[in-house]
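**Q** So that you have it, the file is model-v4.txt, and it contains compact mmCIF, C-alpha atoms:
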```txt
# COMPACT_ATOMS: atom_id res chain seq x y z
CA MET A 1 108.34 147.79 115.66
CA ARG A 2 105.04 149.65 115.98
CA PHE A 3 104.98 152.75 113.77
CA PRO A 4 101.59 154.54 113.90
CA TRP A 5 100.84 157.22 111.38
CA PHE A 6 98.08 158.57 113.61
CA ILE A 7 99.48 159.69 116.94
CA LEU A 8 97.98 159.66 120.39
CA LEU A 9 99.22 162.52 122.52
CA CYS A 10 99.74 160.20 125.44
CA LEU A 11 102.30 158.28 123.36
CA LEU A 12 104.06 161.30 121.96
CA PHE A 13 105.99 162.51 124.98
CA PRO A 14 106.27 159.63 127.43
CA ILE A 15 107.99 160.34 130.71
CA ILE A 16 111.07 158.16 130.79
CA THR A 17 112.92 157.88 134.06
CA PHE A 18 116.51 156.72 134.01
CA ALA A 19 119.33 156.85 136.49
CA GLN A 20 121.65 159.78 136.03
CA SER A 21 124.31 157.53 134.53
CA GLY A 22 124.60 153.94 133.40
CA ILE A 23 127.31 151.33 133.78
CA ILE A 24 128.48 148.41 131.62
CA THR A 25 130.83 145.65 132.76
CA GLY A 26 132.04 142.43 131.21
CA VAL A 27 134.99 140.39 130.02
CA VAL A 28 136.55 140.08 126.55
CA THR A 29 137.89 136.67 125.55
CA ASN A 30 139.23 134.76 122.55
CA ALA A 31 136.29 132.97 120.94
CA GLU A 32 138.40 129.87 120.20
CA THR A 33 140.62 129.45 123.27
CA LYS A 34 138.34 131.27 125.77
CA SER A 35 141.44 133.00 127.16
CA PRO A 36 141.12 136.67 128.24
CA LEU A 37 142.23 139.42 125.88
CA PRO A 38 144.07 142.26 127.65
CA ARG A 39 144.44 145.80 126.24
CA ALA A 40 141.45 145.53 123.89
CA SER A 41 139.76 148.88 123.21
CA VAL A 42 136.16 148.89 124.49
CA PHE A 43 134.06 152.00 123.82
CA LEU A 44 130.65 153.38 122.98
CA SER A 45 130.91 154.62 119.42
CA ASN A 46 130.56 158.38 118.87
CA SER A 47 130.77 159.02 122.61
CA SER A 48 133.42 160.01 125.15
CA VAL A 49 133.07 156.71 127.02
CA GLY A 50 135.83 154.20 126.49
CA SER A 51 138.40 152.03 128.24
CA ALA A 52 140.82 149.15 127.73
CA THR A 53 140.53 145.64 129.12
CA PHE A 54 142.74 144.61 132.04
CA GLU A 55 145.06 141.61 132.06
CA ASP A 56 142.13 139.36 132.97
CA GLY A 57 140.08 140.70 130.03
CA LYS A 58 137.63 142.59 132.24
CA TYR A 59 136.38 146.09 131.47
CA THR A 60 134.13 148.73 133.02
CA LEU A 61 132.38 151.64 131.35
CA ASN A 62 130.61 154.05 133.67
CA GLY A 63 129.14 157.54 133.79
CA ILE A 64 127.06 156.83 130.66
CA ARG A 65 124.26 159.16 129.63
CA PRO A 66 121.07 157.11 128.99
CA GLY A 67 120.36 156.37 125.33
CA GLN A 68 121.13 153.99 122.50
CA TYR A 69 124.78 153.32 121.63
CA THR A 70 126.95 151.01 119.59
CA LEU A 71 129.26 149.04 121.87
CA THR A 72 132.50 148.47 119.96
CA VAL A 73 135.52 146.31 120.78
CA THR A 74 138.69 146.21 118.71
CA ILE A 75 142.16 144.72 119.06
CA LEU A 76 144.83 143.95 116.51
CA GLY A 77 144.55 140.45 115.06
CA TYR A 78 140.85 139.96 115.84
CA GLU A 79 137.56 140.75 114.13
CA ASP A 80 135.93 143.94 115.40
CA TYR A 81 132.81 143.61 117.55
CA SER A 82 129.80 145.94 117.38
CA LYS A 83 126.42 145.69 119.09
CA SER A 84 123.57 148.19 119.53
CA ILE A 85 122.62 148.57 123.19
CA LEU A 86 120.17 150.72 125.14
CA VAL A 87 121.62 152.13 128.36
CA GLY A 88 119.07 152.83 131.07
CA ARG A 89 118.69 152.58 134.83
CA GLU A 90 119.93 149.02 135.26
CA PRO A 91 123.62 148.03 135.04
CA LEU A 92 124.49 145.95 131.98
CA LYS A 93 126.84 142.97 131.94
CA ILE A 94 128.05 142.13 128.44
CA ASP A 95 130.69 139.45 127.91
CA ILE A 96 132.28 139.50 124.48
CA GLN A 97 134.07 136.86 122.46
CA LEU A 98 136.31 137.99 119.59
CA ALA A 99 137.12 135.73 116.66
CA PRO A 100 140.73 135.74 115.45
CA LYS A 101 141.04 137.51 112.11
CA PRO A 102 142.36 135.28 109.32
CA LEU A 103 145.57 136.50 107.76
CA MET A 104 144.74 137.88 104.34
CA LEU A 105 146.99 139.53 101.81
CA LYS A 106 145.46 142.79 100.66
CA GLU A 107 145.76 144.04 97.12
CA VAL A 108 148.11 147.01 97.10
CA THR A 109 147.64 149.88 94.69
CA ILE A 110 150.86 151.77 94.07
CA ILE A 111 150.44 155.51 93.57
CA SER A 112 152.96 158.32 93.53
CA ALA A 113 153.61 160.49 96.57
CA ALA A 114 152.16 163.45 94.69
CA ASP A 115 148.92 161.58 93.93
CA TRP A 116 148.60 160.37 97.53
CA LYS A 117 149.06 163.91 98.82
CA LYS A 118 146.46 165.24 96.39
CA ASN A 119 143.99 162.53 97.43
CA TYR A 120 144.71 163.14 101.10
CA GLU A 121 144.06 166.89 100.84
CA ALA A 122 140.72 166.19 99.12
CA PHE A 123 139.85 163.64 101.80
CA ARG A 124 140.76 166.05 104.59
CA LYS A 125 138.47 168.78 103.19
CA SER A 126 135.50 166.43 102.81
CA PHE A 127 136.02 164.51 106.06
CA ILE A 128 137.31 167.15 108.50
CA GLY A 129 135.96 170.33 106.88
CA VAL A 130 137.21 173.70 105.69
CA ASP A 131 135.92 176.05 108.43
CA GLU A 132 137.93 177.78 111.16
CA ASN A 133 137.71 174.75 113.45
CA ALA A 134 139.10 172.54 110.68
CA LYS A 135 142.22 174.70 110.53
CA ASN A 136 142.88 173.69 114.14
CA CYS A 137 142.52 169.95 113.49
CA VAL A 138 145.72 167.91 113.32
CA VAL A 139 145.74 164.41 111.80
CA VAL A 140 148.32 162.54 113.87
CA ASN A 141 148.74 159.50 111.62
CA PRO A 142 147.51 160.28 108.09
CA HIS A 143 149.43 157.42 106.48
CA VAL A 144 147.15 154.76 108.03
CA LEU A 145 144.68 155.81 105.31
CA ASN A 146 144.18 153.73 102.21
CA LEU A 147 143.18 156.23 99.50
CA GLN A 148 142.01 155.52 95.98
CA PHE A 149 140.62 157.88 93.34
CA ASN A 150 138.61 156.55 90.39
CA ARG A 151 138.92 159.02 87.52
CA THR A 152 136.14 157.42 85.48
CA LYS A 153 133.55 157.44 88.26
CA GLN A 154 135.01 160.59 89.85
CA THR A 155 134.94 159.00 93.30
CA LEU A 156 137.45 159.21 96.13
CA GLU A 157 137.39 156.23 98.51
CA ALA A 158 139.20 155.75 101.82
CA ASN A 159 139.45 153.32 104.72
CA ALA A 160 141.88 152.43 107.51
CA ASP A 161 142.87 149.22 109.30
CA GLU A 162 143.57 151.04 112.58
CA PHE A 163 142.43 154.17 114.39
CA LEU A 164 142.78 157.40 112.44
CA VAL A 165 143.66 159.89 115.18
CA VAL A 166 142.60 163.54 114.81
CA GLU A 167 143.33 166.16 117.47
CA ASN A 168 140.63 168.82 117.28
CA LYS A 169 142.35 171.72 119.04
CA ALA A 170 139.32 173.95 118.46
CA LEU A 171 136.94 171.77 120.51
CA GLY A 172 139.51 170.10 122.76
CA TYR A 173 138.97 166.49 121.66
CA ARG A 174 141.22 163.72 120.39
CA VAL A 175 139.01 161.75 118.01
CA LYS A 176 140.01 158.14 117.34
CA PHE A 177 138.16 156.99 114.22
CA LEU A 178 137.87 153.41 112.95
CA LEU A 179 137.14 154.40 109.36
CA LYS A 180 135.44 151.45 107.67
CA ASP A 181 134.54 153.23 104.46
CA PHE A 182 134.46 156.72 103.01
CA ILE A 183 133.31 157.87 99.60
CA GLU A 184 133.19 161.28 97.98
CA ASP A 185 131.09 161.12 94.82
CA ARG A 186 131.94 164.25 92.88
CA LEU A 187 129.30 163.64 90.22
CA SER A 188 126.38 163.43 92.66
CA ASN A 189 127.98 165.86 95.14
CA ILE A 190 127.48 163.44 98.05
CA VAL A 191 129.92 162.53 100.83
CA ALA A 192 129.22 159.45 102.97
CA TYR A 193 131.28 157.50 105.48
CA GLY A 194 130.88 154.83 108.13
CA GLY A 195 132.85 153.68 111.13
CA GLU A 196 133.18 153.94 114.88
CA ARG A 197 134.78 156.78 116.83
CA LEU A 198 135.82 157.60 120.37
CA PHE A 199 136.26 161.08 121.82
CA GLU A 200 138.99 161.74 124.39
CA GLU A 201 139.56 165.01 126.24
CA LEU A 202 142.76 166.82 125.26
CA PRO A 203 144.89 168.02 128.17
CA GLY A 204 144.77 171.79 128.66
CA ASN A 205 144.98 174.61 131.17
CA ALA A 206 141.98 176.50 132.55
CA ALA A 207 142.10 179.17 129.82
CA GLN A 208 142.18 176.55 127.04
CA LYS A 209 139.32 174.59 128.59
CA LYS A 210 137.23 177.76 128.79
CA LYS A 211 137.76 178.39 125.05
CA TRP A 212 136.98 174.76 124.23
CA HIS A 213 133.79 174.94 126.26
CA ALA A 214 132.62 178.03 124.37
CA LYS A 215 133.40 176.39 121.01
CA ARG A 216 131.56 173.22 122.00
CA GLU A 217 128.47 175.21 122.97
CA GLU A 218 128.65 177.04 119.65
CA ALA A 219 128.84 173.72 117.77
CA TYR A 220 125.94 172.20 119.73
CA TYR A 221 123.30 174.92 119.57
CA GLY A 222 121.42 174.71 116.29
CA SER A 223 122.95 171.32 115.38
CA ALA A 224 120.97 168.27 114.26
CA MET A 225 121.63 166.71 117.68
CA HIS A 226 120.12 169.79 119.36
CA PHE A 227 117.09 169.67 117.03
CA PHE A 228 116.23 166.01 117.63
CA ARG A 229 116.62 166.37 121.40
CA SER A 230 114.32 169.41 121.31
CA LEU A 231 111.81 167.57 119.11
CA TYR A 232 111.12 164.63 121.41
CA THR A 233 111.14 166.78 124.58
CA ASN A 234 108.65 169.24 122.98
CA LYS A 235 111.01 172.24 123.32
CA LEU A 236 111.32 173.35 119.69
CA ASN A 237 109.86 176.83 120.22
CA GLU A 238 111.81 177.37 123.42
CA ASP A 239 115.06 176.30 121.75
CA GLY A 240 114.53 178.39 118.59
CA PHE A 241 113.54 175.77 116.00
CA VAL A 242 110.66 176.15 113.53
CA MET A 243 109.59 173.43 111.07
CA TYR A 244 107.81 173.92 107.74
CA HIS A 245 106.72 171.65 104.91
CA LEU A 246 108.68 172.36 101.70
CA ASN A 247 107.43 171.63 98.18
CA ARG A 248 109.79 171.48 95.19
CA GLN A 249 109.67 171.14 91.41
CA LEU A 250 112.83 170.19 89.53
CA ASN A 251 114.18 172.79 87.09
CA PRO A 252 113.52 171.35 83.58
CA ASN A 253 116.27 173.59 82.12
CA ARG A 254 119.01 172.13 84.33
CA PRO A 255 120.37 168.63 83.58
CA PRO A 256 121.17 166.31 86.52
CA GLU A 257 124.32 167.16 88.48
CA ASP A 258 126.24 164.08 87.35
CA VAL A 259 125.53 164.86 83.67
CA ILE A 260 126.76 168.46 84.04
CA LYS A 261 129.99 167.41 85.74
CA ARG A 262 130.67 164.60 83.30
CA LYS A 263 130.16 166.86 80.27
CA ALA A 264 132.22 169.69 81.77
CA LYS A 265 135.12 167.33 82.45
CA MET A 266 134.92 165.84 78.96
CA PHE A 267 135.03 169.23 77.22
CA TYR A 268 137.77 170.44 79.57
CA ASP A 269 139.93 167.43 78.64
CA MET A 270 139.18 168.06 74.94
CA ARG A 271 140.06 171.77 75.34
CA MET A 272 136.71 172.80 73.82
CA GLY A 273 136.20 176.17 75.53
CA ASP A 274 132.77 177.12 74.16
CA SER A 275 131.20 173.80 75.09
CA LEU A 276 132.87 173.89 78.50
CA ASN A 277 131.50 177.40 79.15
CA TYR A 278 128.01 176.26 78.14
CA TRP A 279 127.96 173.39 80.63
CA ASN A 280 129.53 175.53 83.34
CA SER A 281 126.72 178.06 82.83
CA LEU A 282 124.14 175.28 83.33
CA ALA A 283 125.81 174.46 86.64
CA THR A 284 124.95 177.94 87.94
CA LEU A 285 121.21 177.34 87.48
CA SER A 286 119.16 176.35 90.49
CA LYS A 287 118.25 172.66 90.74
CA TYR A 288 114.64 173.57 91.35
CA TYR A 289 112.20 175.52 89.18
CA LYS A 290 109.74 176.30 91.93
CA GLU A 291 109.95 175.97 95.70
CA THR A 292 107.35 176.97 98.27
CA ILE A 293 106.93 176.45 101.97
CA ASN A 294 103.68 176.22 103.86
CA LYS A 295 103.87 179.23 106.19
CA ILE A 296 101.96 177.36 108.90
CA PRO A 297 104.64 175.84 111.17
CA VAL A 298 104.64 172.07 111.53
CA LEU A 299 103.84 170.90 115.07
CA PRO A 300 105.85 168.10 116.70
CA TYR A 301 102.97 165.63 116.85
CA GLU A 302 102.64 165.85 113.04
CA VAL A 303 106.11 164.41 112.42
CA LEU A 304 106.99 162.50 115.60
CA SER A 305 105.96 159.02 116.79
CA SER A 306 107.00 156.71 119.57
CA THR A 307 108.16 153.17 118.84
CA ASP A 308 108.13 149.84 120.65
CA GLN A 309 111.75 150.46 121.67
CA GLN A 310 112.02 152.58 124.79
CA GLY A 311 113.98 155.77 124.11
CA ILE A 312 113.73 155.39 120.30
CA TYR A 313 111.57 157.78 118.26
CA ALA A 314 110.52 158.02 114.61
CA ILE A 315 110.36 161.16 112.47
CA HIS A 316 108.19 161.08 109.34
CA PHE A 317 106.88 163.67 106.87
CA PRO A 318 105.89 164.03 103.20
CA ASN A 319 108.18 165.69 100.64
CA TYR A 320 110.79 167.76 102.49
CA LEU A 321 111.10 169.13 106.03
CA TYR A 322 112.41 172.71 106.22
CA VAL A 323 113.99 173.41 109.62
CA VAL A 324 114.88 176.97 110.66
CA TYR A 325 117.04 177.83 113.68
CA THR A 326 116.20 181.38 114.67
CA LYS A 327 119.09 181.95 117.09
CA LYS A 328 121.84 181.91 114.43
CA ARG A 329 122.23 183.56 111.05
CA ASP A 330 123.87 182.06 107.98
CA GLU A 331 126.01 184.55 106.08
CA VAL A 332 127.20 182.07 103.41
CA TYR A 333 125.18 182.14 100.16
CA ASN A 334 123.91 178.80 98.90
CA LYS A 335 122.19 178.95 95.51
CA ASP A 336 120.51 175.56 96.05
CA LEU A 337 119.00 176.51 99.43
CA TYR A 338 115.59 178.13 99.07
CA ARG A 339 114.84 181.14 101.28
CA PRO A 340 111.51 183.03 101.13
CA LEU A 341 112.12 186.74 100.51
CA ASP A 342 110.34 187.69 103.71
CA MET A 343 112.36 185.32 105.91
CA PRO A 344 115.58 186.46 107.63
CA ASN A 345 118.72 184.51 106.76
CA TYR A 346 118.48 182.21 109.75
CA GLU A 347 120.42 178.94 109.69
CA THR A 348 118.31 176.54 107.65
CA SER A 349 118.47 172.81 106.97
CA ILE A 350 116.37 170.58 104.72
CA LEU A 351 115.70 166.90 105.43
CA THR A 352 114.72 164.36 102.77
CA LEU A 353 113.64 160.88 103.80
CA PHE A 354 114.21 157.67 101.86
CA GLU A 355 111.94 154.64 101.67
CA PRO A 356 110.18 153.65 103.92
CA ASN A 357 109.83 157.39 104.60
CA PHE A 358 110.83 157.56 108.23
CA ALA A 359 114.02 157.76 110.27
CA LEU A 360 114.70 156.57 113.81
CA PHE A 361 116.59 158.57 116.43
CA ASP A 362 117.41 158.11 120.10
CA MET A 363 117.31 160.17 123.28
CA ASN A 364 120.76 161.57 122.54
CA GLY A 365 119.44 163.14 119.33
CA ILE A 366 121.32 160.75 117.04
CA ILE A 367 119.89 159.03 113.95
CA VAL A 368 120.13 155.27 114.48
CA SER A 369 118.34 154.00 111.35
CA GLN A 370 117.35 155.25 107.87
CA PRO A 371 119.43 158.47 107.91
CA PRO A 372 117.87 161.30 105.88
CA LEU A 373 119.64 163.32 103.20
CA LEU A 374 120.73 166.67 104.67
CA GLU A 375 121.03 170.02 102.91
CA GLY A 376 121.92 173.46 104.20
CA ALA A 377 123.55 174.13 107.57
CA TRP A 378 123.60 170.53 108.82
CA ALA A 379 125.07 169.25 105.55
CA LYS A 380 128.14 171.46 106.07
CA SER A 381 128.94 169.90 109.44
CA ARG A 382 132.11 167.80 109.40
CA LEU A 383 134.43 166.23 111.99
CA SER A 384 135.72 169.72 112.90
CA ASN A 385 132.33 170.45 114.54
CA LEU A 386 131.51 166.95 115.74
CA LEU A 387 130.58 166.43 119.39
CA PRO A 388 130.27 163.14 121.29
CA VAL A 389 126.69 161.89 121.47
CA ASP A 390 126.77 162.07 125.27
CA TYR A 391 127.59 165.79 125.21
CA VAL A 392 125.47 167.82 127.64
CA PRO A 393 125.34 171.61 127.05
CA ASP A 394 124.80 174.32 129.59
CA VAL A 395 121.19 174.84 130.62
CA LYS A 396 120.02 178.11 129.07
```
Show me, as structure tokens, the structure contained in the file I just sent.

**A**
Amino acid sequence: MRFPWFILLCLLFPIITFAQSGIITGVVTNAETKSPLPRASVFLSNSSVGSATFEDGKYTLNGIRPGQYTLTVTILGYEDYSKSILVGREPLKIDIQLAPKPLMLKEVTIISAADWKKNYEAFRKSFIGVDENAKNCVVVNPHVLNLQFNRTKQTLEANADEFLVVENKALGYRVKFLLKDFIEDRLSNIVAYGGERLFEELPGNAAQKKKWHAKREEAYYGSAMHFFRSLYTNKLNEDGFVMYHLNRQLNPNRPPEDVIKRKAKMFYDMRMGDSLNYWNSLATLSKYYKETINKIPVLPYEVLSSTDQQGIYAIHFPNYLYVVYTKKRDEVYNKDLYRPLDMPNYETSILTLFEPNFALFDMNGIIVSQPPLLEGAWAKSRLSNLLPVDYVPDVK
């Protein structure tokens, strides 16, 4: 991959011409016997494009918005298949062979019904969310989840051997999620998960569909997907986004988050009230002693590069990128989110890159490699506000 740190304008915003929609065809067979596999689920992960194979193992996916996707195939008794593909103007033919999954006995951890329910409620809040949309999400089959809480490490882990099905009645989607792994680290305050998902339209009347459409638009505008699409098409100003460089200095009077939580739990268990209050008071301090932003907005060419892969872009920046969306306001106070006194309380997100200090995203506005750490508005987004990557909003 070519990744220039100096950027030629002619490379920044290449004109890419694709057909309005792509198509993928192929056949799914048993890798050992070469016989066709009917009723296998074939879908583009995180999208609304999916189907099942016919009796002869053939499948067709059409109406695909150009971009990079993960083609996923799953069927009971076989290893899952995943492959990154770039959908463009030419039809793709992808034949897939699935290897039978060896029968393995899994270790079973026995927990009480009360413990499972407690773990499930914690999982639901971290995975689905706690906003108004989350209240309208129904988990159809919660007991497919394998849940385990480690008291020493203060981590909640989850996975599932089949689709976890969530009906989002706020956005009008049935989300089928192959949850490979999920972890909520309560000491570091980080939630991470991986897996493949398929969005299906819920049935509804005209009035319901109108409400769903409005909610989807609300979820899209100002989202990370919206930002990345605006970035590579050079429409940040038009769409209401402003970028700044953020500088930070850690607060020397505040211990690391994991130390605070570990000490607070220890003194709570020991019923030592004064010590517990002391560590709880440290938790209220800001993580950072000094934060400043450069008031000169960052221009797209300063943080954006093309790559050798058509339709794939790289974002790169020093320190932290402070992204403001001026068409929405954030009324929820966040003590760890810096806001200059002279800046209105617009929705704000902060991006932090990991080594090698860049992230890759595609034409759909989805991170495909080296995901950054998110803080602020985008960090609060959960499944309750999740849209398929091929979602197309109204033109405004």

**Q** Which residue is closest to A:Ile128? Choose from A:Ala160, A:Ile366, A:Val165, A:Ile293 and count all atoms listed in the file.

**A**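 Using all atoms listed in the file, the shortest distance to A:Ile128 belongs to A:Val165.
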
**Q** Let me make sure I understand: among A:Thr152, A:Gly77, A:Leu171, A:Leu231, which one has the smallest atom-to-atom distance to A:Glu217 if we use only C-alpha atoms?

**A**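 Smallest distance to A:Glu217 is found for A:Leu171.
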
**Q** Could you give me, as a ChimeraX atom specification, the residues that sit within 10 Å of (140.9, 152.8, 112.7) in the file's coordinates, counting only C-alpha atoms?

**A** /A:74,144-145,159-165,176-180,195-197

**Q** Please, what distance in Å, to one decimal, runs between atom CA of A:Thr72 and atom CA of A:Glu157?

**A**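 About the pair atom CA of A:Thr72 and atom CA of A:Glu157: they are 23.3 Å apart.
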
**Q** Please provide as a ChimeraX atom specification all residues within 9 Å of A:Tyr244, with the sequence filter that same-chain residues fewer than 6 positions apart are discarded (counting all atoms listed in the file).

**A** /A:293-299,320-324

**Q** I'd like the contact shell of stretch 199-211 of chain A - 9 Å cut-off, all atoms listed in the file, skipping same-chain residues fewer than 5 positions apart - returned as an NGL selection string.

**A** :A and (45-50 or 167-177 or 216 or 387-388)

**Q** Rank A:Gln309, A:Asn150, A:Ser381, A:Thr284 by their smallest atom-to-atom distance to A:Gly67, using all atoms listed in the file, and report the top residue only.

**A** A:Gln309

**Q** So the first atom is atom CA of A:Ser82 and the second is atom CA of A:Ala99; what is the distance between them in Å, to one decimal place?

**A**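 It comes out at 12.6 Å.
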
**Q** Between atom CA of A:Pro300 and atom CA of A:Leu353, measure the distance and give it in Å to one decimal.

**A**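 These atoms are spaced 16.7 Å apart.
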
**Q** Leaving out stretch 328-341 of chain A and any residue of its chain fewer than 5 positions from it, which residues lie within 6 Å of it when counting only C-alpha atoms, given as a list in words?

**A** Ser286, Tyr346 and Glu347 of chain A

**Q** I'd like the contact shell of stretch 86-97 of chain A - 9 Å cut-off, only C-alpha atoms, skipping same-chain residues fewer than 6 positions apart - returned as a PyMOL selection string.

**A** chain A and resi 17-32+34+58+64-70+73+310-311
